[in-house]
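A short write-up of the structure that comes next.
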Amino acid sequence: MSIPSEPGGGGLDPGLSAIMNERRQLINLAYRLLGSLADAEDVVQETYARWYAMSRRQQDAIAAPGAWLTKVAGRLCLNVLSSARARRETYVGEWIPEPLPEPTEWITGRSDGITGDPADRVTLDESVNMAFLVVLESMTPAERVAFILHDVFRYSFAEVAEIVGRTPAACRQLASSARRRIRATHTPAAPAARQARIVRDFKQAWEAGDIDALLSLLDPGATAIADGGGAVGALLRPIEGAEQIVRSLVHLDGRLRDLTILERTVNGRPGLIAQHDAVTVSVYAFEVAGDRIKRIWAIRNPDKLRWWTAAQRRSHTVPGRLHASGRRASAP
């Protein structure tokens with residue numbers, strides 16, 4: 001599945017236009033490699049900084065500027081991944097990739113008033129759903145880079161080898177190892193309409209405090225993982241089992257009040273968000289297998305919710321159904 005670059009360039013110099021048209025491709029690549037839009041933006045900025053640090057003569061000597069930019073971005077991502085592994089070992093609680101909203105909300109701007117660039121939109125396909133990104137986190141940096149470049153972006157192993165710094169044969173083995181990891185954890189996704197219905201039913205049962213309904217929607221061996229980055233009460237370990245998850249929801253019910261639960265698309269799949277005073281405080285991604293929810297990822301780290309907080313400012317929201325007590329559902 002290849003990710004196309006953004007067309008067009010307006011009245012820019014043709015050479016500059018060609019370079020800038022690679023930006024979307026680079027953002028898409030870097031996000032899939034890093035699982036963090038903030039890190040992806042930093043990598044792309046550094047990639048362009050290195051291009052413009054060269055003289056015009058040096059730039060003209062590069063036969064394929066797009067390939068050069070990809071090579072630099074790929075190497076930078078490899079470096080970030082290597083250092084990120086050490087950082088995430090000291091991360092408080094579980095680390096979950098940064099969730100992405102729908103493209104229609106993606107471009108509405110950030111909470112600091114800076115409008116998002118349409119060229120920065122990440123294409124939402126199966127290579128960015130949360131379950132897929134979580135599996136990528138289990139790979140070595142070299143496996144992840146080789147797999148994403150070859151299997152998702154369709155670069156040859158010879159091209160991948162130049163980025164990873166290994167032989168084409170070694171890169172082929174890295175991608176093969178990554179595929180085995182994917183197959184070992186892969187669960188066939190339920191049809192989109194069924195996923196949406198199950199997530200909607202979960203939302204309604206949650207708001208109503210219907211324990212039996214929640215249990216019926218969760219796989220008995222379901223797992224819930226929450227990422228708060230240590231700042232907002234991250235769970236130190238995943239919650240295993242449907243009964244434990246429901247018990248946790250009930251336990252937390254009295255702590256967080258006045259939340260509005262809304263249906264949203266999260267990384268291309270049906271999900272939920274929780275808002276407090278019209279500000280998004282949690283984003284929930286789901287993995288649905290058959291007619292049950294197998295995994296729930298709750299992202300509460302404010303650093304990962306900047307686009308969601310911005311997007312909701314113009315969204316027309318419908319408050320969640322109130323409990324009998326008169327307050328809205330609370331979230332873990």
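By convention here, the chains of the structure tokens are called A, B, ... in the order presented, each chain's residues are numbered starting at 1, and ligands are numbered starting at 1 in the order presented.
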
Can you tell me, as a list in words, what residues are no more than 8 Å from Asp219 in chain A when counting only C-alpha atoms, ignoring any on the same chain fewer than 6 positions away?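 Final neighbour list, sorted by chain and number: Gly241, Ala242, Arg292, Ile293 and Lys294 of chain A.
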
Write out as an MDAnalysis selection string the set of residues from range 96-262 of chain A that DSSP, computed on the backbone, places in helix (DSSP H, G or I). chainID A and resid 103:106 118:120 126:128 130:137 141:152 157:164 168:185 192:208 211:217 242:252

From the set A:Leu100, A:Ile62, A:Ile198, A:Ala84, which residue has the shortest atom-to-atom contact distance to Arg306 in chain A, counting only C-alpha atoms?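 Closest to Arg306 in chain A of all the choices is A:Leu100.
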
Counting only C-alpha atoms, the residue of A:Pro302, A:Lys71, A:Met139, A:Ala208 that sits nearest Ala158 in chain A: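 Looking only at the distances to Ala158 in chain A, the closest residue turns out to be A:Lys71.
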
Just the strand (DSSP E) stuff from range 71-248 of chain A, please, per backbone DSSP, written as an MDAnalysis selection string. chainID A and resid 218:227 239:240

To one decimal place, how far is CA of Gln25 in chain A from CA of Pro65 in chain A in Å?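 Here the two named atoms are 12.8 Å from each other.
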
Separation of CA of Gly271 in chain A from CA of Ile299 in chain A in Å: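 Pair CA of Ile299 in chain A / CA of Gly271 in chain A returns 11.6 Å.
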
Among the residues A:Ala222, A:Ile261, A:Ala193, A:Asp125, the one that comes closest to Glu207 in chain A [using only C-alpha atoms]: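 Selected residue with least distance to Glu207 in chain A: A:Ile261.
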
Quick one, how far is CA of Arg56 in chain A from CA of Asp39 in chain A? 28.1 Å

Rank A:Gly268, A:Gly74, A:Gly290, A:Pro101 by their smallest atom-to-atom distance to Ile148 in chain A, using only C-alpha atoms, and report the top residue only.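 Selected residue with least distance to Ile148 in chain A: A:Gly74.
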
Write out as a VMD selection string which residues come within 10 Å of Ile182 in chain A when counting only C-alpha atoms, dropping same-chain ones fewer than 2 positions away. chain A and resid 131 to 132 135 to 136 138 to 139 176 to 180 184 to 187

Write out the residues from the selection above, keeping all heavy atoms, as an mmCIF file, in the first residue's frame.
data_model
loop_
_atom_site.group_PDB
_atom_site.id
_atom_site.type_symbol
_atom_site.label_atom_id
_atom_site.label_comp_id
_atom_site.auth_asym_id
_atom_site.auth_seq_id
_atom_site.Cartn_x
_atom_site.Cartn_y
_atom_site.Cartn_z
ATOM 1 N N ALA A 131 -3.961 -1.177 16.713
ATOM 2 C CA ALA A 131 -3.444 -2.527 16.930
ATOM 3 C C ALA A 131 -2.163 -2.754 16.137
ATOM 4 O O ALA A 131 -1.199 -3.351 16.634
ATOM 5 C CB ALA A 131 -4.503 -3.561 16.548
ATOM 6 N N PHE A 132 -2.140 -2.273 14.907
ATOM 7 C CA PHE A 132 -0.965 -2.427 14.046
ATOM 8 C C PHE A 132 0.216 -1.653 14.610
ATOM 9 O O PHE A 132 1.344 -2.166 14.695
ATOM 10 C CB PHE A 132 -1.308 -1.948 12.636
ATOM 11 C CG PHE A 132 -0.238 -2.210 11.608
ATOM 12 C CD1 PHE A 132 -0.164 -3.436 10.969
ATOM 13 C CD2 PHE A 132 0.682 -1.226 11.284
ATOM 14 C CE1 PHE A 132 0.822 -3.678 10.010
ATOM 15 C CE2 PHE A 132 1.664 -1.466 10.331
ATOM 16 C CZ PHE A 132 1.737 -2.687 9.686
ATOM 17 N N VAL A 135 1.820 -3.351 17.607
ATOM 18 C CA VAL A 135 2.693 -4.461 17.240
ATOM 19 C C VAL A 135 4.041 -3.928 16.749
ATOM 20 O O VAL A 135 5.100 -4.496 17.061
ATOM 21 C CB VAL A 135 2.043 -5.345 16.157
ATOM 22 C CG1 VAL A 135 3.017 -6.436 15.708
ATOM 23 C CG2 VAL A 135 0.773 -5.971 16.669
ATOM 24 N N LEU A 136 4.022 -2.842 15.996
ATOM 25 C CA LEU A 136 5.268 -2.251 15.521
ATOM 26 C C LEU A 136 6.188 -1.884 16.684
ATOM 27 O O LEU A 136 7.415 -1.958 16.579
ATOM 28 C CB LEU A 136 4.985 -1.007 14.678
ATOM 29 C CG LEU A 136 4.300 -1.209 13.331
ATOM 30 C CD1 LEU A 136 4.092 0.133 12.633
ATOM 31 C CD2 LEU A 136 5.090 -2.152 12.440
ATOM 32 N N SER A 138 6.750 -3.521 19.244
ATOM 33 C CA SER A 138 7.462 -4.691 19.756
ATOM 34 C C SER A 138 8.664 -5.060 18.892
ATOM 35 O O SER A 138 9.455 -5.932 19.264
ATOM 36 C CB SER A 138 6.509 -5.888 19.839
ATOM 37 O OG SER A 138 6.141 -6.331 18.537
ATOM 38 N N MET A 139 8.805 -4.414 17.758
ATOM 39 C CA MET A 139 9.894 -4.737 16.837
ATOM 40 C C MET A 139 11.166 -3.985 17.197
ATOM 41 O O MET A 139 11.124 -2.956 17.874
ATOM 42 C CB MET A 139 9.484 -4.371 15.401
ATOM 43 C CG MET A 139 8.267 -5.099 14.881
ATOM 44 S SD MET A 139 7.852 -4.572 13.198
ATOM 45 C CE MET A 139 6.319 -5.488 12.941
ATOM 46 N N SER A 176 11.053 -9.946 6.986
ATOM 47 C CA SER A 176 10.417 -11.247 7.204
ATOM 48 C C SER A 176 10.146 -11.483 8.684
ATOM 49 O O SER A 176 9.075 -11.980 9.063
ATOM 50 C CB SER A 176 11.321 -12.350 6.645
ATOM 51 O OG SER A 176 10.765 -13.629 6.871
ATOM 52 N N SER A 177 11.095 -11.128 9.531
ATOM 53 C CA SER A 177 10.905 -11.263 10.976
ATOM 54 C C SER A 177 9.757 -10.386 11.453
ATOM 55 O O SER A 177 8.944 -10.802 12.293
ATOM 56 C CB SER A 177 12.196 -10.882 11.702
ATOM 57 O OG SER A 177 12.014 -10.888 13.101
ATOM 58 N N ALA A 178 9.666 -9.169 10.900
ATOM 59 C CA ALA A 178 8.580 -8.257 11.270
ATOM 60 C C ALA A 178 7.234 -8.838 10.866
ATOM 61 O O ALA A 178 6.249 -8.753 11.612
ATOM 62 C CB ALA A 178 8.800 -6.900 10.609
ATOM 63 N N ARG A 179 7.170 -9.453 9.682
ATOM 64 C CA ARG A 179 5.911 -10.051 9.231
ATOM 65 C C ARG A 179 5.471 -11.175 10.153
ATOM 66 O O ARG A 179 4.277 -11.352 10.410
ATOM 67 C CB ARG A 179 6.061 -10.586 7.801
ATOM 68 C CG ARG A 179 6.057 -9.500 6.747
ATOM 69 C CD ARG A 179 6.054 -10.077 5.347
ATOM 70 N NE ARG A 179 6.872 -9.225 4.478
ATOM 71 C CZ ARG A 179 8.047 -9.560 4.014
ATOM 72 N NH1 ARG A 179 8.569 -10.740 4.271
ATOM 73 N NH2 ARG A 179 8.711 -8.713 3.249
ATOM 74 N N ARG A 180 6.432 -11.943 10.646
ATOM 75 C CA ARG A 180 6.076 -13.026 11.578
ATOM 76 C C ARG A 180 5.466 -12.462 12.857
ATOM 77 O O ARG A 180 4.519 -13.038 13.412
ATOM 78 C CB ARG A 180 7.314 -13.869 11.907
ATOM 79 C CG ARG A 180 7.749 -14.785 10.773
ATOM 80 C CD ARG A 180 8.725 -15.836 11.261
ATOM 81 N NE ARG A 180 9.984 -15.257 11.714
ATOM 82 C CZ ARG A 180 11.029 -15.017 10.925
ATOM 83 N NH1 ARG A 180 10.956 -15.307 9.630
ATOM 84 N NH2 ARG A 180 12.140 -14.514 11.427
ATOM 85 N N ALA A 184 1.681 -13.277 14.113
ATOM 86 C CA ALA A 184 1.502 -13.911 15.424
ATOM 87 C C ALA A 184 0.458 -13.206 16.269
ATOM 88 O O ALA A 184 -0.159 -13.819 17.157
ATOM 89 C CB ALA A 184 2.830 -13.953 16.172
ATOM 90 N N THR A 185 0.230 -11.946 16.021
ATOM 91 C CA THR A 185 -0.709 -11.166 16.842
ATOM 92 C C THR A 185 -1.933 -10.713 16.055
ATOM 93 O O THR A 185 -2.810 -10.063 16.621
ATOM 94 C CB THR A 185 -0.008 -9.927 17.421
ATOM 95 O OG1 THR A 185 0.491 -9.112 16.343
ATOM 96 C CG2 THR A 185 1.162 -10.317 18.312
ATOM 97 N N HIS A 186 -1.975 -11.049 14.766
ATOM 98 C CA HIS A 186 -3.052 -10.528 13.922
ATOM 99 C C HIS A 186 -4.404 -11.153 14.274
ATOM 100 O O HIS A 186 -4.520 -12.365 14.436
ATOM 101 C CB HIS A 186 -2.749 -10.798 12.449
ATOM 102 C CG HIS A 186 -3.837 -10.361 11.524
ATOM 103 N ND1 HIS A 186 -4.164 -9.036 11.306
ATOM 104 C CD2 HIS A 186 -4.705 -11.093 10.761
ATOM 105 C CE1 HIS A 186 -5.155 -8.965 10.444
ATOM 106 N NE2 HIS A 186 -5.510 -10.189 10.099
ATOM 107 N N THR A 187 -5.398 -10.315 14.399
ATOM 108 C CA THR A 187 -6.782 -10.739 14.586
ATOM 109 C C THR A 187 -7.608 -10.162 13.450
ATOM 110 O O THR A 187 -7.581 -8.944 13.243
ATOM 111 C CB THR A 187 -7.344 -10.231 15.925
ATOM 112 O OG1 THR A 187 -6.555 -10.752 16.993
ATOM 113 C CG2 THR A 187 -8.787 -10.660 16.106
#
